[in-house]
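So this block is protein23.csv, CSV, C-alpha atoms and all ligand atoms:
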```
chain,number,residue,atom,x,y,z
G,1166,MET,CA,62.1,97.6,104.7
G,1167,ALA,CA,64.2,100.7,104.3
G,1168,GLU,CA,63.4,101.5,107.9
G,1169,ARG,CA,64.0,98.0,109.2
G,1170,HIS,CA,67.4,97.8,107.6
G,1171,PRO,CA,69.7,100.8,107.8
G,1172,LYS,CA,72.1,101.3,104.9
G,1173,PRO,CA,74.8,98.6,104.8
G,1174,TYR,CA,78.4,99.4,105.4
G,1175,LEU,CA,80.0,99.2,102.0
G,1176,VAL,CA,83.5,100.0,103.1
G,1177,GLY,CA,85.2,96.6,102.2
G,1178,ASP,CA,86.4,97.8,98.8
G,1179,HIS,CA,85.5,94.3,97.5
G,1180,LEU,CA,81.9,92.9,97.4
G,1181,ALA,CA,83.0,89.7,99.1
G,1182,LEU,CA,84.3,91.7,102.1
G,1183,ASP,CA,81.2,93.9,102.1
G,1184,PHE,CA,79.3,90.6,102.4
G,1185,LEU,CA,81.4,89.7,105.4
G,1186,ASN,CA,80.6,93.2,106.8
G,1187,SER,CA,76.9,92.5,106.6
G,1188,GLN,CA,77.1,91.7,110.3
G,1189,VAL,CA,78.6,94.3,112.7
G,1190,ARG,CA,78.7,95.2,116.4
G,1191,PRO,CA,78.5,98.9,116.6
G,1192,GLY,CA,79.0,99.8,120.2
G,1193,GLY,CA,78.9,96.1,121.1
G,1194,GLU,CA,75.3,95.7,119.9
G,1195,PRO,CA,75.0,93.0,117.1
G,1196,ARG,CA,73.3,94.0,113.9
G,1197,ASP,CA,72.8,91.6,111.0
G,1198,TRP,CA,71.4,92.6,107.6
G,1199,LEU,CA,70.9,89.0,106.7
G,1200,ASN,CA,68.6,88.1,109.6
G,1201,ASP,CA,65.8,87.1,107.2
G,1202,GLY,CA,64.9,86.8,103.5
G,1203,ALA,CA,63.7,90.4,103.2
G,1204,GLY,CA,67.0,91.6,104.8
G,1205,LEU,CA,69.0,89.5,102.4
G,1206,LEU,CA,67.2,90.9,99.3
G,1207,ALA,CA,67.6,94.5,100.6
G,1208,TRP,CA,71.3,94.0,101.3
G,1209,LEU,CA,72.0,92.4,97.9
G,1210,THR,CA,70.2,95.2,96.1
G,1211,GLU,CA,71.9,98.0,98.1
G,1212,ALA,CA,75.3,96.4,97.6
G,1213,GLY,CA,74.7,96.2,93.9
G,1214,ALA,CA,75.0,92.4,93.8
G,1215,ILE,CA,71.5,92.0,92.2
G,1216,ASP,CA,69.3,94.1,90.2
G,1217,ALA,CA,66.2,95.7,91.9
G,1218,SER,CA,64.0,93.9,89.4
G,1219,VAL,CA,65.4,90.5,90.4
G,1220,ALA,CA,64.7,91.4,94.1
G,1221,ARG,CA,61.1,92.4,93.2
G,1222,ARG,CA,60.6,89.2,91.3
G,1223,LEU,CA,61.9,86.9,94.0
G,1224,ARG,CA,60.1,88.8,96.7
G,1225,ARG,CA,56.8,88.3,94.8
G,1226,ARG,CA,57.6,84.6,94.3
G,1227,GLY,CA,58.5,84.4,98.0
G,1228,GLU,CA,55.1,85.5,99.0
G,1229,GLY,CA,53.8,82.5,97.1
G,1230,GLY,CA,55.5,80.1,99.5
G,1231,GLY,CA,59.2,80.4,98.4
G,1232,ASN,CA,61.8,80.0,101.1
G,1233,LEU,CA,63.7,83.3,101.2
G,1234,ASP,CA,64.2,83.0,105.0
G,1235,GLY,CA,65.9,79.6,104.4
G,1236,VAL,CA,68.2,81.2,101.8
G,1237,ALA,CA,69.1,83.9,104.3
G,1238,GLU,CA,70.1,81.2,106.7
G,1239,GLN,CA,72.3,79.6,103.9
G,1240,ALA,CA,73.8,83.1,103.3
G,1241,ARG,CA,74.7,83.4,107.0
G,1242,GLU,CA,76.4,80.0,106.8
G,1243,LEU,CA,78.3,81.0,103.7
G,1244,ARG,CA,79.3,84.3,105.5
G,1245,LYS,CA,80.5,82.3,108.5
G,1246,TRP,CA,82.6,80.0,106.3
G,1247,LEU,CA,84.1,83.0,104.5
G,1248,GLY,CA,84.9,84.8,107.8
G,1249,GLU,CA,86.8,81.8,109.0
G,1250,PHE,CA,88.6,81.4,105.6
G,1251,VAL,CA,89.6,85.1,105.6
G,1252,ASP,CA,90.8,84.9,109.3
G,1253,ARG,CA,93.0,82.0,108.3
G,1254,HIS,CA,94.5,83.6,105.2
G,1255,ALA,CA,94.4,87.4,105.6
G,1256,GLY,CA,97.8,89.0,105.8
G,1257,ARG,CA,99.7,86.6,103.6
G,1258,GLU,CA,99.6,85.3,100.1
G,1259,ILE,CA,97.1,82.5,99.4
G,1260,ASP,CA,98.9,79.2,98.7
G,1261,ARG,CA,98.0,75.9,97.0
G,1262,ASP,CA,97.0,74.4,100.4
G,1263,ALA,CA,93.9,76.7,100.5
G,1264,PHE,CA,92.4,74.6,97.7
G,1265,VAL,CA,91.3,71.8,100.0
G,1266,GLU,CA,89.1,74.3,101.9
G,1267,LEU,CA,87.1,75.3,98.9
G,1268,GLY,CA,84.7,72.4,98.6
G,1269,LEU,CA,81.7,74.3,99.8
G,1270,LEU,CA,82.3,77.2,97.5
G,1271,ASN,CA,82.9,75.0,94.4
G,1272,ARG,CA,79.7,73.1,95.1
G,1273,LEU,CA,77.8,76.4,95.2
G,1274,LEU,CA,79.4,77.6,92.0
G,1275,ALA,CA,78.6,74.4,90.2
G,1276,ARG,CA,74.8,74.8,90.6
G,1277,ASP,CA,74.7,78.1,88.8
G,1278,ASP,CA,72.6,78.5,85.6
G,1279,ILE,CA,73.9,81.2,83.4
G,1280,TYR,CA,73.8,81.5,79.7
G,1281,ARG,CA,74.8,84.1,77.1
G,1282,GLN,CA,72.7,86.1,74.7
G,1283,ILE,CA,73.4,88.5,71.9
G,1284,ALA,CA,71.7,91.8,72.7
G,1285,LEU,CA,71.5,95.3,71.2
G,1286,THR,CA,74.1,97.7,72.7
G,1287,LEU,CA,72.3,100.5,74.4
G,1288,THR,CA,73.4,103.8,72.9
G,1289,ASN,CA,74.8,106.1,75.4
G,1290,ALA,CA,74.4,109.7,74.5
G,1291,GLY,CA,77.5,111.0,76.3
G,1292,GLY,CA,79.7,108.2,75.2
G,1293,THR,CA,82.8,108.8,73.1
G,1294,GLY,CA,84.1,106.7,70.2
G,1295,PRO,CA,82.2,104.2,68.1
G,1296,SER,CA,80.5,101.4,69.9
G,1297,ARG,CA,79.5,98.1,68.3
G,1298,PRO,CA,75.8,97.7,67.8
G,1299,LEU,CA,75.6,94.1,69.2
G,1300,GLN,CA,77.1,92.7,72.4
G,1301,SER,CA,77.3,89.3,74.1
G,1302,ILE,CA,75.8,89.4,77.6
G,1303,GLN,CA,75.6,86.9,80.4
G,1304,ILE,CA,72.2,86.2,81.9
G,1305,ARG,CA,71.3,84.2,85.0
G,1306,ARG,CA,68.1,82.2,85.3
G,1307,TRP,CA,66.8,83.0,88.8
G,1308,THR,CA,65.1,79.6,88.9
G,1309,THR,CA,64.9,79.3,92.7
G,1310,PRO,CA,65.4,81.8,95.5
G,1311,ASP,CA,68.7,80.1,96.5
G,1312,ARG,CA,70.2,81.3,93.3
G,1313,LEU,CA,70.6,84.6,95.2
G,1314,LEU,CA,73.8,83.1,96.6
G,1315,GLN,CA,75.4,82.8,93.1
G,1316,PRO,CA,76.6,86.4,92.7
G,1317,ILE,CA,78.0,86.2,96.2
G,1318,ALA,CA,79.8,82.9,95.4
G,1319,GLU,CA,81.1,84.5,92.2
G,1320,THR,CA,82.5,87.5,94.1
G,1321,ILE,CA,84.1,85.3,96.8
G,1322,SER,CA,85.8,83.2,94.1
G,1323,ASP,CA,87.1,86.5,92.6
G,1324,LEU,CA,88.5,87.5,96.0
G,1325,ILE,CA,90.2,84.2,96.6
G,1326,CYS,CA,91.7,83.9,93.1
G,1327,ASN,CA,92.5,87.5,92.2
G,1328,ALA,CA,92.9,89.6,95.3
G,1329,ASP,CA,96.2,89.9,97.2
G,1330,PHE,CA,95.4,88.5,100.6
G,1331,ARG,CA,98.3,90.3,102.1
G,1332,LEU,CA,96.1,93.4,101.8
G,1333,VAL,CA,93.0,91.9,103.3
G,1334,ARG,CA,92.8,93.4,106.8
G,1335,ARG,CA,90.6,94.1,109.7
G,1336,CYS,CA,89.9,97.7,110.9
G,1337,ASP,CA,92.3,98.8,113.6
G,1338,GLY,CA,89.4,100.4,115.5
G,1339,ASP,CA,88.9,99.3,119.0
G,1340,GLY,CA,86.4,96.4,118.9
G,1341,CYS,CA,85.6,97.0,115.2
G,1342,ILE,CA,85.2,93.8,113.2
G,1343,LEU,CA,84.9,95.3,109.7
G,1344,ARG,CA,87.3,94.0,107.1
G,1345,PHE,CA,88.5,95.7,103.9
G,1346,TYR,CA,90.8,95.2,100.9
G,1347,ASP,CA,93.5,97.9,101.1
G,1348,ARG,CA,93.7,99.2,97.5
G,1349,THR,CA,95.5,102.4,98.5
G,1350,LYS,CA,98.8,103.2,96.8
G,1351,THR,CA,100.8,103.1,100.0
G,1352,HIS,CA,98.9,100.1,101.4
G,1353,ALA,CA,98.6,102.0,104.7
G,1354,ARG,CA,94.8,101.9,105.1
G,1355,ARG,CA,94.0,101.2,108.8
G,1356,TRP,CA,90.3,102.1,109.2
G,1357,CYS,CA,87.0,100.8,107.9
G,1358,SER,CA,86.2,104.5,107.6
G,1359,MET,CA,88.0,107.7,108.6
G,1360,ALA,CA,84.7,109.2,109.6
G,1361,VAL,CA,84.0,106.4,112.2
G,1362,CYS,CA,87.0,104.5,113.5
G,1363,GLY,CA,89.7,106.9,112.2
G,1364,ASN,CA,88.2,109.9,114.0
G,1365,ARG,CA,87.5,107.9,117.1
G,1366,ALA,CA,91.1,106.8,117.3
G,1367,LYS,CA,92.3,110.4,116.7
G,1368,ALA,CA,90.0,111.7,119.4
G,1369,ALA,CA,91.3,109.1,121.8
G,1370,ALA,CA,94.9,110.0,121.0
G,1371,HIS,CA,94.1,113.6,121.5
G,1372,ARG,CA,92.4,112.9,124.9
G,1373,ALA,CA,95.5,110.9,126.0
G,1374,ARG,CA,97.8,113.8,124.9
G,1375,MET,CA,95.6,116.3,126.8
G,1376,ALA,CA,95.7,114.1,129.9
G,1377,ARG,CA,99.5,113.8,129.8
G,1378,SER,CA,99.9,117.6,129.4
G,1379,GLN,CA,97.4,118.2,132.2
G,1380,ASP,CA,99.5,115.8,134.3
G,1381,GLY,CA,102.6,117.7,133.4
G,1382,LEU,CA,101.0,121.0,134.3
G,1383,SER,CA,99.8,119.8,137.7
G,1384,LYS,CA,103.2,118.5,138.6
G,1385,ALA,CA,104.9,121.8,137.6
T,1,ZN,ZN,86.3,100.3,112.1
```

File written out as structure tokens:
Amino acid sequence: MAERHPKPYLVGDHLALDFLNSQVRPGGEPRDWLNDGAGLLAWLTEAGAIDASVARRLRRRGEGGGNLDGVAEQARELRKWLGEFVDRHAGREIDRDAFVELGLLNRLLARDDIYRQIALTLTNAGGTGPSRPLQSIQIRRWTTPDRLLQPIAETISDLICNADFRLVRRCDGDGCILRFYDRTKTHARRWCSMAVCGNRAKAAAHRARMARSQDGLSKA
């Protein structure tokens, strides 16, 4: 699977925007990490949305007739919905009117099955300060494969309720569709990544400058 699915672009600085970036068009050629159930599991694991043990469990269950590919299709629909929502609201503050658009997301959140347990705190050798021996943790029952959408629904609700949508932007790169949450102090982030679109833009500007100065030389 690692060969089939290259590393996802995790440049969104928010898991919900990374989810949106699970479909890209590098050089115009479409690439989709969520094209099937295996791709969805790989993406969720790589992005840190689920534990590798959960992916293994659901993959095994999937072989027994579960419908992971169908869940990937639901994930693509959710991504499409999120993309349209972000396009409508990015660049300004979310207002109360947005609430009426959230039916699909709230229905998804409503079907979750999580519960709490008290567990022993793992002792961390390098930790500083006293830690309490017991902790209350949240556990999700992965009853059916479509529960894979719950952590995504959760992170989308976090984006909508807690992020400043004025700082949700699309990369300035020519033809680049990646989005990110600008958490820089100056709020001046322009690129999905400096290494890709930033450098490409710098190189293009350099070429344009060279062409202008060549032009100047030939006229002289
Ligand atoms: Zn870009």

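Proximity to ligand ZN 1 (chain T) was assessed for G:Asn1364, G:Gln1303, G:Thr1308, G:Thr1286 counting all atoms listed in the file; the smallest distance is recorded for G:Asn1364.
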
For ligand ZN 1 (chain T), return the neighbouring residues as a PyMOL selection string (distance at most 12 Å; all atoms listed in the file). chain G and resi 1174-1177+1186+1189-1192+1334-1345+1354-1366

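One finds CA of Gln1379 in chain G at 18.1 Å from CA of Lys1367 in chain G.
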
Need the shell around Leu1269 in chain G: protein/DNA/RNA residues with any atom at most 12 Å away, counting only C-alpha atoms. Skip same-chain ones fewer than 2 positions apart. Format as a PyMOL selection string? chain G and resi 1239+1242-1247+1250+1264-1267+1271-1276+1318+1321-1322

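The coordinates place CA of Asn1327 in chain G at 29.2 Å from CA of Arg1297 in chain G.
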
At a cut-off of 12 Å, using all atoms listed in the file, what residues contact Ser1218 in chain G? Leave out same-chain residues fewer than 6 positions from it and give the result as a PDB file with C-alpha atoms, in the coordinates of the input.
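Final output, saved to out_11.pdb:
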```
ATOM      1  CA  LEU G1206      67.200  90.900  99.300  1.00  0.00           C
ATOM      2  CA  ALA G1207      67.600  94.500 100.600  1.00  0.00           C
ATOM      3  CA  LEU G1209      72.000  92.400  97.900  1.00  0.00           C
ATOM      4  CA  THR G1210      70.200  95.200  96.100  1.00  0.00           C
ATOM      5  CA  ARG G1224      60.100  88.800  96.700  1.00  0.00           C
ATOM      6  CA  ARG G1225      56.800  88.300  94.800  1.00  0.00           C
ATOM      7  CA  TRP G1307      66.800  83.000  88.800  1.00  0.00           C
TER       8      TRP G1307
END
```

Got a sec: who's within 8 Å of Trp1208 in chain G, counting only C-alpha atoms, leaving out chain neighbours fewer than 6 positions off, as a list in words? Pro1173, Ser1187, Trp1198 and Leu1199 of chain G

May I have the selected residues written with C-alpha atoms, as a short mmCIF file (atom, residue, chain, number, x, y, z; two decimals), keeping the file's coordinate frame?
```
data_model
loop_
_atom_site.label_atom_id
_atom_site.label_comp_id
_atom_site.auth_asym_id
_atom_site.auth_seq_id
_atom_site.Cartn_x
_atom_site.Cartn_y
_atom_site.Cartn_z
CA PRO G 1173 74.80 98.60 104.80
CA SER G 1187 76.90 92.50 106.60
CA TRP G 1198 71.40 92.60 107.60
CA LEU G 1199 70.90 89.00 106.70
#
```

Given only C-alpha atoms as the counted atoms, nearest of G:Leu1314, G:Leu1299, G:Ala1263, G:Ala1369 to Ala1214 in chain G: G:Leu1314

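CA of Asp1197 in chain G is found 11.5 Å from CA of Lys1172 in chain G.
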
Could you check which of G:Asp1183, G:Glu1238, G:Asp1178, G:Asp1216 is closest to Gly1204 in chain G, using all atoms listed in the file? G:Glu1238

Could you write range 1360-1376 of chain G as a PDB file, in the coordinates of the input, with N, CA and C atoms rebuilt where they are missing?
```pdb
ATOM      1  N   ALA G1360      85.773 108.450 108.916  1.00  0.00           N
ATOM      2  CA  ALA G1360      84.700 109.200 109.600  1.00  0.00           C
ATOM      3  C   ALA G1360      84.315 108.486 110.908  1.00  0.00           C
ATOM      4  N   VAL G1361      84.420 107.164 110.949  1.00  0.00           N
ATOM      5  CA  VAL G1361      84.000 106.400 112.200  1.00  0.00           C
ATOM      6  C   VAL G1361      85.235 106.089 112.990  1.00  0.00           C
ATOM      7  N   CYS G1362      85.900 104.998 112.666  1.00  0.00           N
ATOM      8  CA  CYS G1362      87.000 104.500 113.500  1.00  0.00           C
ATOM      9  C   CYS G1362      88.211 105.429 113.488  1.00  0.00           C
ATOM     10  N   GLY G1363      88.516 106.015 112.327  1.00  0.00           N
ATOM     11  CA  GLY G1363      89.700 106.900 112.200  1.00  0.00           C
ATOM     12  C   GLY G1363      89.559 108.070 113.164  1.00  0.00           C
ATOM     13  N   ASN G1364      88.395 108.735 113.138  1.00  0.00           N
ATOM     14  CA  ASN G1364      88.200 109.900 114.000  1.00  0.00           C
ATOM     15  C   ASN G1364      88.148 109.516 115.467  1.00  0.00           C
ATOM     16  N   ARG G1365      87.552 108.351 115.727  1.00  0.00           N
ATOM     17  CA  ARG G1365      87.500 107.900 117.100  1.00  0.00           C
ATOM     18  C   ARG G1365      88.877 107.703 117.684  1.00  0.00           C
ATOM     19  N   ALA G1366      89.747 107.091 116.868  1.00  0.00           N
ATOM     20  CA  ALA G1366      91.100 106.800 117.300  1.00  0.00           C
ATOM     21  C   ALA G1366      91.863 108.164 117.493  1.00  0.00           C
ATOM     22  N   LYS G1367      91.605 109.118 116.558  1.00  0.00           N
ATOM     23  CA  LYS G1367      92.300 110.400 116.700  1.00  0.00           C
ATOM     24  C   LYS G1367      91.832 111.144 117.935  1.00  0.00           C
ATOM     25  N   ALA G1368      90.519 111.068 118.218  1.00  0.00           N
ATOM     26  CA  ALA G1368      90.000 111.700 119.400  1.00  0.00           C
ATOM     27  C   ALA G1368      90.580 111.096 120.675  1.00  0.00           C
ATOM     28  N   ALA G1369      90.715 109.767 120.665  1.00  0.00           N
ATOM     29  CA  ALA G1369      91.300 109.100 121.800  1.00  0.00           C
ATOM     30  C   ALA G1369      92.726 109.481 122.051  1.00  0.00           C
ATOM     31  N   ALA G1370      93.486 109.573 120.929  1.00  0.00           N
ATOM     32  CA  ALA G1370      94.900 110.000 121.000  1.00  0.00           C
ATOM     33  C   ALA G1370      94.991 111.397 121.547  1.00  0.00           C
ATOM     34  N   HIS G1371      94.071 112.251 121.082  1.00  0.00           N
ATOM     35  CA  HIS G1371      94.100 113.600 121.500  1.00  0.00           C
ATOM     36  C   HIS G1371      93.771 113.722 123.033  1.00  0.00           C
ATOM     37  N   ARG G1372      92.772 112.936 123.477  1.00  0.00           N
ATOM     38  CA  ARG G1372      92.400 112.900 124.900  1.00  0.00           C
ATOM     39  C   ARG G1372      93.642 112.469 125.738  1.00  0.00           C
ATOM     40  N   ALA G1373      94.337 111.438 125.222  1.00  0.00           N
ATOM     41  CA  ALA G1373      95.500 110.900 126.000  1.00  0.00           C
ATOM     42  C   ALA G1373      96.586 111.975 126.058  1.00  0.00           C
ATOM     43  N   ARG G1374      96.787 112.716 124.929  1.00  0.00           N
ATOM     44  CA  ARG G1374      97.800 113.800 124.900  1.00  0.00           C
ATOM     45  C   ARG G1374      97.424 114.869 125.942  1.00  0.00           C
ATOM     46  N   MET G1375      96.114 115.248 125.929  1.00  0.00           N
ATOM     47  CA  MET G1375      95.600 116.300 126.800  1.00  0.00           C
ATOM     48  C   MET G1375      95.858 115.851 128.289  1.00  0.00           C
ATOM     49  N   ALA G1376      95.530 114.581 128.569  1.00  0.00           N
ATOM     50  CA  ALA G1376      95.700 114.100 129.900  1.00  0.00           C
ATOM     51  C   ALA G1376      97.116 114.128 130.370  1.00  0.00           C
TER      52      ALA G1376
END
```
